[in-house]
>>> print(open('my_file.txt').read())   # compact mmCIF, C-alpha atoms
# COMPACT_ATOMS: atom_id res chain seq x y z
CA MET A 1 32.88 20.34 -3.67
CA SER A 2 29.44 18.84 -2.94
CA ALA A 3 28.97 15.14 -2.31
CA THR A 4 27.45 14.52 -5.74
CA LEU A 5 28.01 16.08 -9.12
CA ILE A 6 24.42 17.24 -9.46
CA ASP A 7 24.49 18.88 -6.02
CA SER A 8 27.70 20.67 -6.96
CA VAL A 9 26.01 22.11 -10.07
CA ARG A 10 22.88 23.08 -8.14
CA SER A 11 24.97 24.92 -5.55
CA ALA A 12 25.84 27.56 -8.17
CA PHE A 13 22.20 28.59 -8.50
CA THR A 14 21.39 30.13 -5.15
CA PRO A 15 18.05 31.87 -4.58
CA ASP A 16 19.84 35.20 -4.97
CA ALA A 17 21.35 34.13 -8.31
CA LEU A 18 17.98 32.91 -9.58
CA THR A 19 16.37 36.23 -8.62
CA LYS A 20 19.02 38.18 -10.52
CA ILE A 21 18.72 35.92 -13.57
CA SER A 22 14.92 36.22 -13.67
CA THR A 23 15.17 40.02 -13.46
CA LEU A 24 17.78 40.24 -16.19
CA LEU A 25 15.83 37.91 -18.49
CA GLY A 26 12.44 39.46 -17.74
CA GLU A 27 11.02 36.06 -16.77
CA THR A 28 9.14 35.02 -13.65
CA GLU A 29 11.35 33.56 -10.97
CA SER A 30 9.29 30.37 -10.81
CA ASN A 31 9.75 29.76 -14.53
CA VAL A 32 13.49 30.45 -14.31
CA GLN A 33 13.79 28.05 -11.40
CA LYS A 34 11.87 25.42 -13.37
CA ALA A 35 14.14 25.95 -16.38
CA VAL A 36 17.30 25.62 -14.31
CA HIS A 37 16.07 22.52 -12.49
CA GLY A 38 15.20 20.97 -15.85
CA ALA A 39 18.40 21.99 -17.60
CA ILE A 40 20.70 20.56 -14.92
CA PRO A 41 19.66 16.89 -15.31
CA MET A 42 19.35 17.41 -19.08
CA ILE A 43 22.99 18.48 -19.39
CA LEU A 44 24.28 15.95 -16.88
CA ILE A 45 22.49 13.06 -18.58
CA ASP A 46 24.17 14.14 -21.81
CA VAL A 47 27.51 14.08 -19.97
CA LEU A 48 26.65 10.70 -18.42
CA HIS A 49 25.73 9.32 -21.83
CA LYS A 50 28.96 10.58 -23.41
CA SER A 51 31.05 9.15 -20.55
CA HIS A 52 30.46 5.66 -21.97
CA PHE A 53 32.49 6.52 -25.07
CA PRO A 54 36.22 7.40 -25.13
CA GLU A 55 36.33 10.34 -27.57
CA PRO A 56 33.35 12.27 -26.10
CA THR A 57 34.75 11.67 -22.60
CA ALA A 58 38.09 13.17 -23.63
CA ARG A 59 36.19 16.16 -25.05
CA ILE A 60 34.33 16.59 -21.76
CA GLY A 61 37.64 16.60 -19.91
CA GLU A 62 39.05 19.28 -22.19
CA LEU A 63 35.98 21.53 -21.92
CA SER A 64 35.77 21.01 -18.16
CA ARG A 65 39.32 22.18 -17.57
CA GLN A 66 38.61 25.29 -19.63
CA ALA A 67 35.38 25.95 -17.71
CA ALA A 68 37.09 25.53 -14.32
CA ALA A 69 39.49 28.30 -15.33
CA GLY A 70 36.60 30.56 -16.38
CA ASP A 71 35.53 31.77 -12.91
CA LEU A 72 31.84 30.83 -13.09
CA PHE A 73 31.09 31.79 -9.50
CA GLY A 74 32.80 35.14 -9.95
CA GLU A 75 30.67 35.87 -13.01
CA LEU A 76 27.48 34.89 -11.17
CA HIS A 77 28.47 37.02 -8.19
CA GLU A 78 28.92 40.07 -10.43
CA LEU A 79 25.41 39.79 -11.82
CA SER A 80 23.42 42.82 -10.82
CA THR A 81 19.90 44.03 -11.41
CA SER A 82 21.07 47.65 -11.30
CA ALA A 83 22.35 49.72 -14.22
CA GLY A 84 25.10 47.88 -16.03
CA GLY A 85 23.93 44.52 -14.79
CA LEU A 86 23.54 43.21 -18.31
CA LEU A 87 27.29 43.45 -18.93
CA PRO A 88 28.29 40.46 -16.77
CA GLY A 89 25.09 38.81 -17.97
CA SER A 90 26.26 39.10 -21.56
CA VAL A 91 29.65 37.63 -20.59
CA LEU A 92 27.88 34.65 -19.04
CA LEU A 93 25.66 34.37 -22.09
CA ASN A 94 28.62 34.27 -24.46
CA LYS A 95 30.68 31.86 -22.38
CA GLY A 96 27.77 29.59 -21.58
CA THR A 97 26.52 29.44 -25.15
CA GLU A 98 30.02 28.61 -26.34
CA TYR A 99 30.33 25.72 -23.87
CA ALA A 100 26.81 24.47 -24.62
CA HIS A 101 27.47 24.43 -28.36
CA ALA A 102 30.78 22.59 -27.82
CA LEU A 103 29.17 19.97 -25.57
CA LEU A 104 25.78 19.43 -27.23
CA LEU A 105 26.88 19.95 -30.85
CA GLU A 106 23.86 19.43 -33.14
CA ARG A 107 21.58 18.83 -30.13
CA PHE A 108 21.98 22.42 -28.88
CA ASP A 109 18.83 23.77 -30.58
CA PRO A 110 16.59 20.80 -29.60
CA VAL A 111 17.74 21.12 -25.97
CA VAL A 112 17.07 24.88 -25.89
CA MET A 113 13.63 24.38 -27.42
CA GLU A 114 12.78 21.65 -24.90
CA ILE A 115 13.88 23.79 -21.94
CA SER A 116 11.77 26.65 -23.32
CA ARG A 117 8.73 24.40 -23.82
CA TYR A 118 9.04 22.73 -20.43
CA SER A 119 9.53 25.89 -18.36
CA GLY A 120 7.47 28.37 -20.34
CA ILE A 121 10.31 30.85 -20.90
CA SER A 122 11.34 32.38 -24.22
CA LEU A 123 13.92 30.83 -26.52
CA PRO A 124 16.53 33.56 -25.82
CA SER A 125 16.03 33.00 -22.08
CA ALA A 126 16.28 29.24 -22.55
CA THR A 127 19.50 29.76 -24.51
CA PHE A 128 20.97 31.76 -21.62
CA ILE A 129 19.98 29.18 -19.00
CA THR A 130 21.14 26.21 -21.07
CA GLY A 131 24.46 27.98 -21.45
CA ILE A 132 25.09 28.83 -17.80
CA VAL A 133 23.94 25.37 -16.66
CA THR A 134 26.39 23.81 -19.12
CA PHE A 135 29.08 26.19 -17.83
CA ALA A 136 28.29 25.20 -14.22
CA SER A 137 28.28 21.47 -15.06
CA LEU A 138 31.62 21.58 -16.83
CA ASP A 139 33.04 23.79 -14.08
CA ALA A 140 32.09 21.20 -11.43
CA ILE A 141 33.72 18.42 -13.45
CA GLY A 142 36.79 20.55 -14.12
CA ARG A 143 37.28 21.28 -10.42
CA HIS A 144 37.23 17.54 -9.76
CA LEU A 145 39.83 16.97 -12.48
CA ASN A 146 42.07 19.69 -11.08
CA GLN A 147 41.80 18.26 -7.59
CA TYR A 148 42.42 14.59 -8.42
CA ARG A 149 44.21 14.87 -11.77
CA ALA A 150 42.06 12.13 -13.27
CA ASP A 151 42.68 10.93 -16.80
CA ALA A 152 39.95 10.18 -19.35
CA GLY A 153 39.44 6.66 -18.02
CA GLY A 154 39.17 7.86 -14.43
CA LEU A 155 36.83 10.66 -15.47
CA SER A 156 34.52 8.21 -17.20
CA VAL A 157 34.31 6.01 -14.11
CA TRP A 158 33.83 9.00 -11.80
CA ILE A 159 30.98 10.44 -13.86
CA GLN A 160 29.23 7.07 -13.98
CA THR A 161 29.39 6.75 -10.18
CA HIS A 162 26.96 9.70 -10.07
CA ALA A 163 24.39 8.03 -12.32
CA ASP A 164 22.09 7.06 -9.44
CA SER A 165 21.75 10.71 -8.37
CA ILE A 166 21.52 12.16 -11.89
CA ARG A 167 18.94 9.91 -13.56
CA PRO A 168 16.14 10.24 -10.95
CA ALA A 169 16.52 14.04 -10.96
CA THR A 170 14.78 14.38 -14.32
CA PRO A 171 11.46 16.16 -13.68
CA VAL A 172 8.22 14.73 -15.02
CA GLY A 173 7.32 16.22 -18.37
CA LEU A 174 10.87 17.00 -19.52
CA GLU A 175 11.63 15.08 -22.74
CA VAL A 176 15.33 14.44 -22.17
CA ARG A 177 15.84 11.46 -24.46
CA HIS A 178 14.12 13.13 -27.41
CA ALA A 179 15.96 16.43 -26.96
CA LEU A 180 19.35 14.73 -26.71
CA GLY A 181 18.61 12.38 -29.61
CA ILE A 182 19.39 9.25 -27.59
CA PRO A 183 17.42 6.18 -28.78
CA ARG A 184 18.70 4.04 -25.90
CA TYR A 185 20.89 4.86 -22.94
CA PRO A 186 24.15 2.87 -22.67
CA TRP A 187 23.36 1.85 -19.10
CA GLU A 188 20.26 0.01 -20.41
CA THR A 189 22.39 -2.27 -22.62
CA SER A 190 23.20 -4.85 -19.96
CA THR A 191 19.52 -5.29 -19.09
CA VAL A 192 18.58 -5.71 -22.75
CA ARG A 193 21.34 -8.25 -23.31
CA ARG A 194 20.35 -10.18 -20.19
CA SER A 195 16.75 -10.37 -21.41
CA ARG A 196 17.89 -11.56 -24.83
CA HIS A 197 20.12 -14.22 -23.27
CA THR A 198 17.27 -15.44 -21.05
CA ALA A 199 14.94 -15.68 -24.05
CA LEU A 200 17.62 -17.56 -25.99
CA TYR A 201 18.13 -20.09 -23.19
CA VAL A 202 14.39 -20.69 -22.90
CA ALA A 203 14.13 -21.19 -26.66
CA ILE A 204 17.01 -23.69 -26.63
CA VAL A 205 15.43 -25.69 -23.79
CA LEU A 206 12.08 -25.77 -25.59
CA ILE A 207 13.74 -26.96 -28.79
CA ILE A 208 15.56 -29.74 -26.89
CA VAL A 209 12.32 -30.85 -25.22
CA ILE A 210 10.43 -30.85 -28.53
CA VAL A 211 13.19 -32.76 -30.35
CA ALA A 212 13.43 -35.30 -27.53
CA GLY A 213 9.68 -35.78 -27.60
CA LEU A 214 9.62 -36.28 -31.37
CA PHE A 215 12.54 -38.72 -31.15
CA PHE A 216 10.77 -40.71 -28.41
CA TYR A 217 7.53 -40.74 -30.39
CA GLN A 218 9.27 -41.87 -33.58
CA TYR A 219 11.29 -44.55 -31.77
CA ARG A 220 8.18 -45.96 -30.13
CA LYS A 221 6.44 -45.93 -33.49
CA ASP A 222 9.33 -47.75 -35.20
CA HIS A 223 9.89 -50.27 -32.36
CA PRO A 224 6.46 -51.16 -30.96
CA MET A 225 7.66 -54.60 -29.75
CA ALA A 226 10.15 -53.05 -27.34
CA PHE A 227 7.39 -51.41 -25.35
CA SER A 228 4.85 -54.26 -25.74
CA THR A 229 7.39 -56.90 -24.55
CA THR A 230 8.04 -54.95 -21.39
CA ALA A 231 4.33 -54.54 -20.75
CA ASP A 232 3.69 -58.25 -21.44
CA THR A 233 6.46 -59.25 -19.02
CA ILE A 234 4.96 -57.14 -16.25
CA THR A 235 1.47 -58.53 -16.98
CA THR A 236 2.75 -62.13 -17.00
CA ALA A 237 4.54 -61.65 -13.70
CA ARG A 238 1.43 -60.27 -12.10
CA SER A 239 -0.67 -63.16 -13.50
CA SER A 240 1.78 -65.69 -12.10
CA MET A 241 1.52 -64.19 -8.64
CA ASP A 242 -2.25 -64.27 -8.83
CA THR A 243 -2.38 -67.97 -9.85
CA ILE A 244 -0.22 -69.44 -7.03
CA PRO A 245 -2.24 -72.41 -5.61
CA ALA A 246 -3.82 -71.87 -2.25
CA SER A 247 -2.20 -75.08 -0.96
CA SER A 248 1.22 -73.75 -1.82
CA SER A 249 0.50 -70.59 0.04
CA ALA A 250 -0.68 -72.54 3.05
CA ALA A 251 2.41 -74.72 2.97
CA VAL A 252 4.64 -71.72 2.89
CA THR A 253 2.74 -70.24 5.81
CA ASP A 254 2.98 -73.51 7.88
CA THR A 255 6.69 -73.77 7.20
CA ALA A 256 7.19 -70.22 8.38
CA ARG A 257 5.25 -70.95 11.61
CA THR A 258 7.27 -74.14 12.27
CA ARG A 259 10.49 -72.19 12.01
>>> encode(input="my_file.txt", output="structure tokens")
Amino acid sequence: MSATLIDSVRSAFTPDALTKISTLLGETESNVQKAVHGAIPMILIDVLHKSHFPEPTARIGELSRQAAAGDLFGELHELSTSAGGLLPGSVLLNKGTEYAHALLLERFDPVVMEISRYSGISLPSATFITGIVTFASLDAIGRHLNQYRADAGGLSVWIQTHADSIRPATPVGLEVRHALGIPRYPWETSTVRRSRHTALYVAIVLIIVIVAGLFFYQYRKDHPMAFSTTADTITTARSSMDTIPASSSAAVTDTARTR
């Protein structure tokens, strides 16, 4: 299995596989490649998002084990552009669409429409590609589960370790958040909370400073003698120093010299 989850999914779509898919769908190879490269991060971000919640993570585990037993690579290998090539293509279409519906639920249609819009392929072609990318994604996860026998908690942690390779893979122009119906990603929560806490601390400090200043102002207003007495004492002391007789100063100086 590849070093990262996203690389493992990409490995299923070799240049030869992309050529066969474009021929079967009647789409240009460049558009099919664009659709696949957009659908992979789209599906994996949905998986990453769901991995932060127990029930969806358990569902991912269940679907992934089923997909790993579905022989994705065998189905892709059997694709052919010759007569009869549409038969394995229809098998992939049915399996992939089934997995995509089970994973994306009510977001299936918005995702298909976004893949179609982004890549310039038809909706039926986008449905096919969304399906086989979902199949490939679940297959990669399922193979990991079979190898390490991870439970739901371990699966959640493992998926999230691939976040740094999945999130930057989203191509410019692909509206992932809108298609998946995600107002805010779970991994953004800590940053939002930290910002709120910082703002709260600043507000508390400002309130303390303002209250202290008002208290000081009111105390000075209510007790003017306390501040004037201190000032008068300092002024008197300075005046006393200034009015020491010159003869006294001279005497002190002579005494110091005699010593």
>>> residues_around(input="my_file.txt", residues="A:Pro15", least_positions_apart="2", cutoff="12 Å", atoms="all atoms listed in the file", output="list of chain:residue names")
A:Arg10, A:Ser11, A:Ala12, A:Phe13, A:Ala17, A:Leu18, A:Thr19, A:Lys20, A:Ile21, A:Ser22, A:Glu29, A:Ser30, A:Val32, A:Gln33, A:Val36, A:Leu76
>>> write_last_selection(input="my_file.txt", atoms="C-alpha atoms", output="PDB file, in the coordinates of the input")
ATOM      1  CA  ARG A  10      22.880  23.080  -8.140  1.00  0.00           C
ATOM      2  CA  SER A  11      24.970  24.920  -5.550  1.00  0.00           C
ATOM      3  CA  ALA A  12      25.840  27.560  -8.170  1.00  0.00           C
ATOM      4  CA  PHE A  13      22.200  28.590  -8.500  1.00  0.00           C
ATOM      5  CA  ALA A  17      21.350  34.130  -8.310  1.00  0.00           C
ATOM      6  CA  LEU A  18      17.980  32.910  -9.580  1.00  0.00           C
ATOM      7  CA  THR A  19      16.370  36.230  -8.620  1.00  0.00           C
ATOM      8  CA  LYS A  20      19.020  38.180 -10.520  1.00  0.00           C
ATOM      9  CA  ILE A  21      18.720  35.920 -13.570  1.00  0.00           C
ATOM     10  CA  SER A  22      14.920  36.220 -13.670  1.00  0.00           C
ATOM     11  CA  GLU A  29      11.350  33.560 -10.970  1.00  0.00           C
ATOM     12  CA  SER A  30       9.290  30.370 -10.810  1.00  0.00           C
ATOM     13  CA  VAL A  32      13.490  30.450 -14.310  1.00  0.00           C
ATOM     14  CA  GLN A  33      13.790  28.050 -11.400  1.00  0.00           C
ATOM     15  CA  VAL A  36      17.300  25.620 -14.310  1.00  0.00           C
ATOM     16  CA  LEU A  76      27.480  34.890 -11.170  1.00  0.00           C
TER      17      LEU A  76
END
>>> residues_around(input="my_file.txt", residues="A:Ile6", least_positions_apart="5", cutoff="10 Å", atoms="only C-alpha atoms", output="ChimeraX atom specification")
/A:11,40-41,44,137,140,162-163,165-166,169
>>> write_last_selection(input="my_file.txt", atoms="C-alpha atoms", output="CSV table (one decimal), in the coordinates of the input")
chain,number,residue,atom,x,y,z
A,11,SER,CA,25.0,24.9,-5.6
A,40,ILE,CA,20.7,20.6,-14.9
A,41,PRO,CA,19.7,16.9,-15.3
A,44,LEU,CA,24.3,16.0,-16.9
A,137,SER,CA,28.3,21.5,-15.1
A,140,ALA,CA,32.1,21.2,-11.4
A,162,HIS,CA,27.0,9.7,-10.1
A,163,ALA,CA,24.4,8.0,-12.3
A,165,SER,CA,21.8,10.7,-8.4
A,166,ILE,CA,21.5,12.2,-11.9
A,169,ALA,CA,16.5,14.0,-11.0
>>> residues_around(input="my_file.txt", residues="stretch 105-117 of chain A", least_positions_apart="5", cutoff="10 Å", atoms="all atoms listed in the file", output="VMD selection string")
chain A and resid 31 to 32 34 to 39 42 to 43 46 97 99 to 100 122 to 131 173 to 181
>>> write_last_selection(input="my_file.txt", atoms="C-alpha atoms", output="mmCIF file, in the frame of the given file")
data_model
loop_
_atom_site.group_PDB
_atom_site.id
_atom_site.type_symbol
_atom_site.label_atom_id
_atom_site.label_comp_id
_atom_site.auth_asym_id
_atom_site.auth_seq_id
_atom_site.Cartn_x
_atom_site.Cartn_y
_atom_site.Cartn_z
ATOM 1 C CA ASN A 31 9.750 29.760 -14.530
ATOM 2 C CA VAL A 32 13.490 30.450 -14.310
ATOM 3 C CA LYS A 34 11.870 25.420 -13.370
ATOM 4 C CA ALA A 35 14.140 25.950 -16.380
ATOM 5 C CA VAL A 36 17.300 25.620 -14.310
ATOM 6 C CA HIS A 37 16.070 22.520 -12.490
ATOM 7 C CA GLY A 38 15.200 20.970 -15.850
ATOM 8 C CA ALA A 39 18.400 21.990 -17.600
ATOM 9 C CA MET A 42 19.350 17.410 -19.080
ATOM 10 C CA ILE A 43 22.990 18.480 -19.390
ATOM 11 C CA ASP A 46 24.170 14.140 -21.810
ATOM 12 C CA THR A 97 26.520 29.440 -25.150
ATOM 13 C CA TYR A 99 30.330 25.720 -23.870
ATOM 14 C CA ALA A 100 26.810 24.470 -24.620
ATOM 15 C CA SER A 122 11.340 32.380 -24.220
ATOM 16 C CA LEU A 123 13.920 30.830 -26.520
ATOM 17 C CA PRO A 124 16.530 33.560 -25.820
ATOM 18 C CA SER A 125 16.030 33.000 -22.080
ATOM 19 C CA ALA A 126 16.280 29.240 -22.550
ATOM 20 C CA THR A 127 19.500 29.760 -24.510
ATOM 21 C CA PHE A 128 20.970 31.760 -21.620
ATOM 22 C CA ILE A 129 19.980 29.180 -19.000
ATOM 23 C CA THR A 130 21.140 26.210 -21.070
ATOM 24 C CA GLY A 131 24.460 27.980 -21.450
ATOM 25 C CA GLY A 173 7.320 16.220 -18.370
ATOM 26 C CA LEU A 174 10.870 17.000 -19.520
ATOM 27 C CA GLU A 175 11.630 15.080 -22.740
ATOM 28 C CA VAL A 176 15.330 14.440 -22.170
ATOM 29 C CA ARG A 177 15.840 11.460 -24.460
ATOM 30 C CA HIS A 178 14.120 13.130 -27.410
ATOM 31 C CA ALA A 179 15.960 16.430 -26.960
ATOM 32 C CA LEU A 180 19.350 14.730 -26.710
ATOM 33 C CA GLY A 181 18.610 12.380 -29.610
#
>>> atom_distance(input="my_file.txt", atom1="atom CA of A:Leu93", atom2="atom CA of A:Phe135")
9.8 Å
>>> residues_around(input="my_file.txt", residues="A:Trp187", least_positions_apart="6", cutoff="10 Å", atoms="only C-alpha atoms", output="PDB file with C-alpha atoms, keeping the file's coordinate frame")
ATOM      1  CA  LEU A  48      26.650  10.700 -18.420  1.00  0.00           C
ATOM      2  CA  HIS A  49      25.730   9.320 -21.830  1.00  0.00           C
ATOM      3  CA  HIS A  52      30.460   5.660 -21.970  1.00  0.00           C
ATOM      4  CA  GLN A 160      29.230   7.070 -13.980  1.00  0.00           C
ATOM      5  CA  ALA A 163      24.390   8.030 -12.320  1.00  0.00           C
TER       6      ALA A 163
END
>>> closest_residue(input="my_file.txt", among="A:Thr134, A:Thr14, A:Thr57, A:Thr23", to="A:Trp158", atoms="only C-alpha atoms")
A:Thr57
>>> atom_distance(input="my_file.txt", atom1="atom CA of A:Lys50", atom2="atom CA of A:Ser156")
8.7 Å
>>> atom_distance(input="my_file.txt", atom1="atom CA of A:Ile159", atom2="atom CA of A:Gly74")
25.1 Å
>>> axis_aligned_box(input="my_file.txt", around="stretch 11-30 of chain A", padding_each_side="5 Å", output="AutoDock Vina command-line options")
--center_x 17.5 --center_y 32.6 --center_z -11.5 --size_x 26.7 --size_y 25.3 --size_z 23.9
>>> closest_residue(input="my_file.txt", among="A:Asn94, A:Asp164, A:Thr28, A:Asp151", to="A:Arg59", atoms="only C-alpha atoms")
A:Asp151
>>> closest_atom_pairs(input="my_file.txt", of="stretch 118-189 of chain A", to="stretch 68-71 of chain A", cutoff="7 Å", atoms="all atoms listed in the file", output="CSV")
residue,atom,partner,partner_atom,distance
A:Asp139,CA,A:Ala68,CA,4.4
A:Gly142,CA,A:Ala68,CA,5.0
A:Arg143,CA,A:Ala68,CA,5.8
>>> decode(input="my_file.txt", residues="stretch 133-157 of chain A", atoms="N, CA and C atoms", output="JSON list (two decimals), in the first residue's frame")
[["chain", "number", "residue", "atom", "x", "y", "z"],
["A", 133, "VAL", "N", -14.11, 6.43, -8.02],
["A", 133, "VAL", "CA", -13.19, 7.07, -7.07],
["A", 133, "VAL", "C", -13.60, 6.72, -5.64],
["A", 134, "THR", "N", -14.91, 6.71, -5.37],
["A", 134, "THR", "CA", -15.38, 6.30, -4.05],
["A", 134, "THR", "C", -15.02, 4.84, -3.79],
["A", 135, "PHE", "N", -15.22, 3.99, -4.78],
["A", 135, "PHE", "CA", -14.85, 2.58, -4.69],
["A", 135, "PHE", "C", -13.36, 2.45, -4.36],
["A", 136, "ALA", "N", -12.52, 3.18, -5.08],
["A", 136, "ALA", "CA", -11.07, 3.11, -4.88],
["A", 136, "ALA", "C", -10.68, 3.63, -3.50],
["A", 137, "SER", "N", -11.34, 4.67, -3.03],
["A", 137, "SER", "CA", -11.03, 5.25, -1.72],
["A", 137, "SER", "C", -11.38, 4.28, -0.61],
["A", 138, "LEU", "N", -12.57, 3.70, -0.69],
["A", 138, "LEU", "CA", -12.99, 2.74, 0.33],
["A", 138, "LEU", "C", -12.15, 1.48, 0.26],
["A", 139, "ASP", "N", -11.77, 1.07, -0.95],
["A", 139, "ASP", "CA", -10.91, -0.10, -1.11],
["A", 139, "ASP", "C", -9.57, 0.10, -0.42],
["A", 140, "ALA", "N", -8.98, 1.29, -0.58],
["A", 140, "ALA", "CA", -7.69, 1.59, 0.06],
["A", 140, "ALA", "C", -7.81, 1.54, 1.58],
["A", 141, "ILE", "N", -8.89, 2.10, 2.10],
["A", 141, "ILE", "CA", -9.12, 2.07, 3.55],
["A", 141, "ILE", "C", -9.37, 0.65, 4.03],
["A", 142, "GLY", "N", -10.14, -0.10, 3.26],
["A", 142, "GLY", "CA", -10.45, -1.48, 3.63],
["A", 142, "GLY", "C", -9.22, -2.36, 3.67],
["A", 143, "ARG", "N", -8.30, -2.16, 2.72],
["A", 143, "ARG", "CA", -7.06, -2.94, 2.73],
["A", 143, "ARG", "C", -6.22, -2.63, 3.97],
["A", 144, "HIS", "N", -6.25, -1.38, 4.41],
["A", 144, "HIS", "CA", -5.56, -1.03, 5.66],
["A", 144, "HIS", "C", -6.22, -1.72, 6.85],
["A", 145, "LEU", "N", -7.53, -1.73, 6.89],
["A", 145, "LEU", "CA", -8.24, -2.39, 7.98],
["A", 145, "LEU", "C", -7.95, -3.88, 8.02],
["A", 146, "ASN", "N", -7.92, -4.50, 6.86],
["A", 146, "ASN", "CA", -7.65, -5.94, 6.79],
["A", 146, "ASN", "C", -6.22, -6.27, 7.23],
["A", 147, "GLN", "N", -5.31, -5.34, 6.94],
["A", 147, "GLN", "CA", -3.91, -5.58, 7.27],
["A", 147, "GLN", "C", -3.63, -5.37, 8.75],
["A", 148, "TYR", "N", -4.24, -4.34, 9.35],
["A", 148, "TYR", "CA", -3.92, -4.00, 10.73],
["A", 148, "TYR", "C", -5.06, -4.29, 11.72],
["A", 149, "ARG", "N", -6.20, -4.69, 11.19],
["A", 149, "ARG", "CA", -7.35, -5.03, 12.02],
["A", 149, "ARG", "C", -7.70, -3.90, 13.00],
["A", 150, "ALA", "N", -7.75, -2.70, 12.48],
["A", 150, "ALA", "CA", -8.05, -1.52, 13.30],
["A", 150, "ALA", "C", -9.53, -1.46, 13.61],
["A", 151, "ASP", "N", -9.84, -0.99, 14.82],
["A", 151, "ASP", "CA", -11.25, -0.77, 15.17],
["A", 151, "ASP", "C", -11.64, 0.63, 14.74],
["A", 152, "ALA", "N", -12.87, 1.04, 15.09],
["A", 152, "ALA", "CA", -13.37, 2.35, 14.66],
["A", 152, "ALA", "C", -12.50, 3.49, 15.20],
["A", 153, "GLY", "N", -12.07, 3.35, 16.46],
["A", 153, "GLY", "CA", -11.24, 4.40, 17.04],
["A", 153, "GLY", "C", -9.90, 4.50, 16.34],
["A", 154, "GLY", "N", -9.29, 3.34, 16.06],
["A", 154, "GLY", "CA", -8.01, 3.34, 15.36],
["A", 154, "GLY", "C", -8.15, 3.83, 13.93],
["A", 155, "LEU", "N", -9.27, 3.51, 13.29],
["A", 155, "LEU", "CA", -9.51, 3.98, 11.93],
["A", 155, "LEU", "C", -9.62, 5.49, 11.89],
["A", 156, "SER", "N", -10.33, 6.05, 12.85],
["A", 156, "SER", "CA", -10.48, 7.51, 12.91],
["A", 156, "SER", "C", -9.13, 8.20, 13.02],
["A", 157, "VAL", "N", -8.29, 7.70, 13.92],
["A", 157, "VAL", "CA", -6.96, 8.29, 14.11],
["A", 157, "VAL", "C", -6.12, 8.14, 12.86]]
